[in-house]
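Asks: Sharing work36.txt below, compact mmCIF, C-alpha atoms:
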# COMPACT_ATOMS: atom_id res chain seq x y z
CA MET A 79 38.08 -0.48 7.05
CA TRP A 80 35.23 1.82 8.03
CA TRP A 81 33.97 2.56 4.51
CA LYS A 82 33.50 -1.15 3.77
CA ARG A 83 31.42 -1.76 6.86
CA LYS A 84 28.04 -3.26 6.08
CA ARG A 85 25.05 -1.36 7.35
CA GLU A 86 22.00 -3.31 8.34
CA PRO A 87 18.63 -1.64 7.77
CA SER A 88 16.47 -1.17 10.87
CA ALA A 89 13.50 -2.75 9.06
CA PRO A 90 13.02 -4.79 5.92
CA ARG A 91 12.74 -2.01 3.33
CA GLY A 92 12.59 -4.23 0.26
CA ASN A 93 8.85 -4.75 0.54
CA LEU A 94 7.89 -1.22 1.63
CA THR A 95 5.43 0.75 -0.47
CA ALA A 96 5.55 3.89 1.71
CA PHE A 97 8.04 5.31 4.20
CA ILE A 98 7.47 8.23 6.57
CA ASP A 99 10.81 9.11 8.13
CA GLU A 100 11.95 11.13 11.13
CA GLY A 101 11.30 14.83 10.81
CA SER A 102 7.93 14.22 9.13
CA GLU A 103 4.73 15.21 10.93
CA ILE A 104 1.37 14.28 9.44
CA GLU A 105 -2.13 14.95 10.73
CA GLY A 106 -5.38 13.60 9.27
CA LYS A 107 -6.64 10.39 7.67
CA TYR A 108 -4.14 8.10 5.96
CA ALA A 109 -5.14 5.09 3.83
CA PHE A 110 -2.60 2.90 2.06
CA SER A 111 -2.05 -0.46 0.41
CA GLY A 112 1.10 -2.52 0.76
CA THR A 113 3.49 -1.94 3.68
CA LEU A 114 3.95 1.41 5.43
CA MET A 115 7.00 2.08 7.61
CA LEU A 116 6.40 5.02 9.95
CA ASN A 117 9.32 6.59 11.83
CA GLY A 118 7.88 10.10 11.95
CA LYS A 119 4.93 11.58 13.83
CA PHE A 120 1.33 10.90 12.85
CA LYS A 121 -1.93 12.08 14.41
CA GLY A 122 -5.38 11.06 13.18
CA GLU A 123 -6.65 7.84 11.61
CA ILE A 124 -4.85 5.06 9.70
CA THR A 125 -6.70 2.45 7.63
CA SER A 126 -5.50 -0.36 5.40
CA THR A 127 -5.96 -4.05 4.73
CA ASP A 128 -2.19 -4.48 4.65
CA THR A 129 0.79 -3.96 7.02
CA LEU A 130 1.68 -0.98 9.21
CA ILE A 131 5.13 -0.89 10.82
CA VAL A 132 5.75 1.76 13.49
CA GLY A 133 9.52 2.01 13.84
CA GLU A 134 11.50 2.73 17.02
CA ARG A 135 11.38 6.47 16.39
CA GLY A 136 7.74 6.51 15.28
CA VAL A 137 5.15 8.38 17.37
CA VAL A 138 1.53 7.69 16.47
CA ASN A 139 -1.56 9.19 18.10
CA ALA A 140 -4.30 7.59 16.05
CA SER A 141 -7.10 5.11 15.60
CA VAL A 142 -5.61 2.25 13.59
CA ARG A 143 -7.45 -0.37 11.46
CA VAL A 144 -5.08 -2.57 9.43
CA GLY A 145 -4.44 -6.14 8.37
CA THR A 146 -1.19 -6.47 10.35
CA ALA A 147 0.40 -4.03 12.81
CA ILE A 148 4.04 -4.29 13.91
CA ILE A 149 4.83 -1.71 16.57
CA ASP A 150 8.30 -0.88 17.86
CA GLY A 151 7.71 2.80 18.70
CA GLU A 152 5.05 4.77 20.55
CA LEU A 153 1.35 4.44 19.79
CA VAL A 154 -1.51 6.15 21.61
CA GLY A 155 -4.91 4.93 20.42
CA ASN A 156 -6.82 1.77 19.65
CA VAL A 157 -5.51 -0.79 17.15
CA LYS A 158 -7.75 -3.26 15.33
CA ALA A 159 -6.09 -5.77 13.00
CA THR A 160 -7.73 -8.49 10.92
CA GLU A 161 -4.63 -10.73 11.01
CA ARG A 162 -2.17 -9.93 13.82
CA ILE A 163 -0.58 -7.33 16.07
CA GLU A 164 3.07 -7.57 17.14
CA LEU A 165 4.52 -5.39 19.90
CA LYS A 166 8.31 -5.41 19.61
CA GLY A 167 10.80 -4.88 22.46
CA LYS A 168 10.86 -1.06 22.61
CA ALA A 169 7.14 -0.50 21.92
CA ARG A 170 5.10 1.81 24.12
CA VAL A 171 1.37 1.32 23.51
CA PHE A 172 -1.43 3.14 25.30
CA GLY A 173 -4.77 1.88 24.02
CA ASP A 174 -6.83 -1.20 23.26
CA LEU A 175 -5.71 -3.99 20.92
CA GLU A 176 -8.00 -6.32 18.94
CA ALA A 177 -6.79 -9.09 16.61
CA PRO A 178 -6.88 -12.89 16.21
CA VAL A 179 -3.13 -13.07 17.03
CA ILE A 180 -1.36 -10.71 19.44
CA VAL A 181 2.37 -11.06 20.15
CA VAL A 182 3.98 -9.08 22.98
CA GLU A 183 7.75 -9.29 23.37
CA GLU A 184 9.65 -8.82 26.61
CA GLY A 185 10.33 -5.17 27.43
CA VAL A 186 7.13 -3.75 25.92
CA LEU A 187 5.15 -1.11 27.81
CA PHE A 188 1.43 -1.77 27.20
CA GLU A 189 -1.43 -0.04 28.99
CA GLY A 190 -4.85 -1.00 27.71
CA HIS A 191 -7.18 -3.89 27.01
CA CYS A 192 -6.47 -6.82 24.76
CA LEU A 193 -9.17 -8.71 22.81
CA MET A 194 -8.21 -11.74 20.78
CA THR A 195 -10.93 -12.25 18.19
CA LYS A 196 -11.57 -15.48 16.40
CA THR A 197 -10.50 -15.82 12.82
CA ARG A 198 -13.48 -15.97 10.55
CA PRO A 199 -13.87 -19.40 8.93
CA ALA A 200 -14.55 -19.53 5.24
CA GLU A 201 -18.24 -19.19 4.64
CA THR A 202 -19.92 -22.28 3.30
CA THR A 203 -22.56 -21.80 0.68
CA ARG A 204 -25.71 -23.72 1.26
CA ASP A 205 -28.43 -24.34 -1.25
CA PHE A 206 -31.77 -23.42 0.23
CA SER A 207 -33.77 -23.80 -2.97
CA VAL A 208 -37.15 -25.49 -2.83
CA VAL A 209 -37.51 -28.76 -4.71
CA PRO A 210 -41.05 -29.89 -5.57
CA LEU A 211 -42.01 -33.37 -4.42
CA LYS A 212 -43.44 -35.80 -6.95
CA ARG A 213 -46.56 -37.71 -5.95
Can you dump the structure from the file as structure tokens?
Replies:
Amino acid sequence: MWWKRKREPSAPRGNLTAFIDEGSEIEGKYAFSGTLMLNGKFKGEITSTDTLIVGERGVVNASVRVGTAIIDGELVGNVKATERIELKGKARVFGDLEAPVIVVEEGVLFEGHCLMTKTRPAETTRDFSVVPLKR
């Protein structure tokens, strides 16, 4: 029966800390922690150390600096991620990408440059103290 039909969410909403849905239009600087799902329109600058998900209906015209970016909608602007960038099947991206890991699925429209940076190894601490010599 139709009322017992299970509906599957378009994205994993259980871990979301913010959700900007269709019909929302935001302009300016947006900083967040956790996971942001964006299905509305955004223009400006997005910064975070965590995860940005641009849904199928999301339209972003921004400079993006995040930990992880998962894009399935439209993004115009440069994206820099410290961990990874994933372009899903219906993504339309016009701008440069920079991350250690970049995944592009079949069907993606991507116009820009791609730079895969090296992951930073853990810094080793060295002792440069001076030890007097005994004579």
Asks: May I have the residues within 12 Å of His191 (chain A) as a PyMOL selection string, using all atoms listed in the file and disregarding those fewer than 3 positions away in the same chain?
Replies: chain A and resi 155-158+171-177+180+188+194
Asks: In Å, how far is it from CA of Gly101 (chain A) to CA of Val142 (chain A)?
Replies: 21.3 Å
Asks: For Glu105 (chain A), which of A:Gly118, A:Gly145, A:Gly190, A:Gly133 is the closest residue, counting only C-alpha atoms?
Replies: A:Gly118
Asks: At a cut-off of 7 Å, using only C-alpha atoms, what residues contact region 125-129 of chain A? Leave out same-chain residues fewer than 4 positions from it and give the result as a PyMOL selection string.
Replies: chain A and resi 108-114+142-147
Asks: What is the distance between CA of Glu189 (chain A) and CA of Glu103 (chain A), in Å to one decimal?
Replies: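 Atom-to-atom, CA of Glu189 (chain A) to CA of Glu103 (chain A), that is 24.4 Å.
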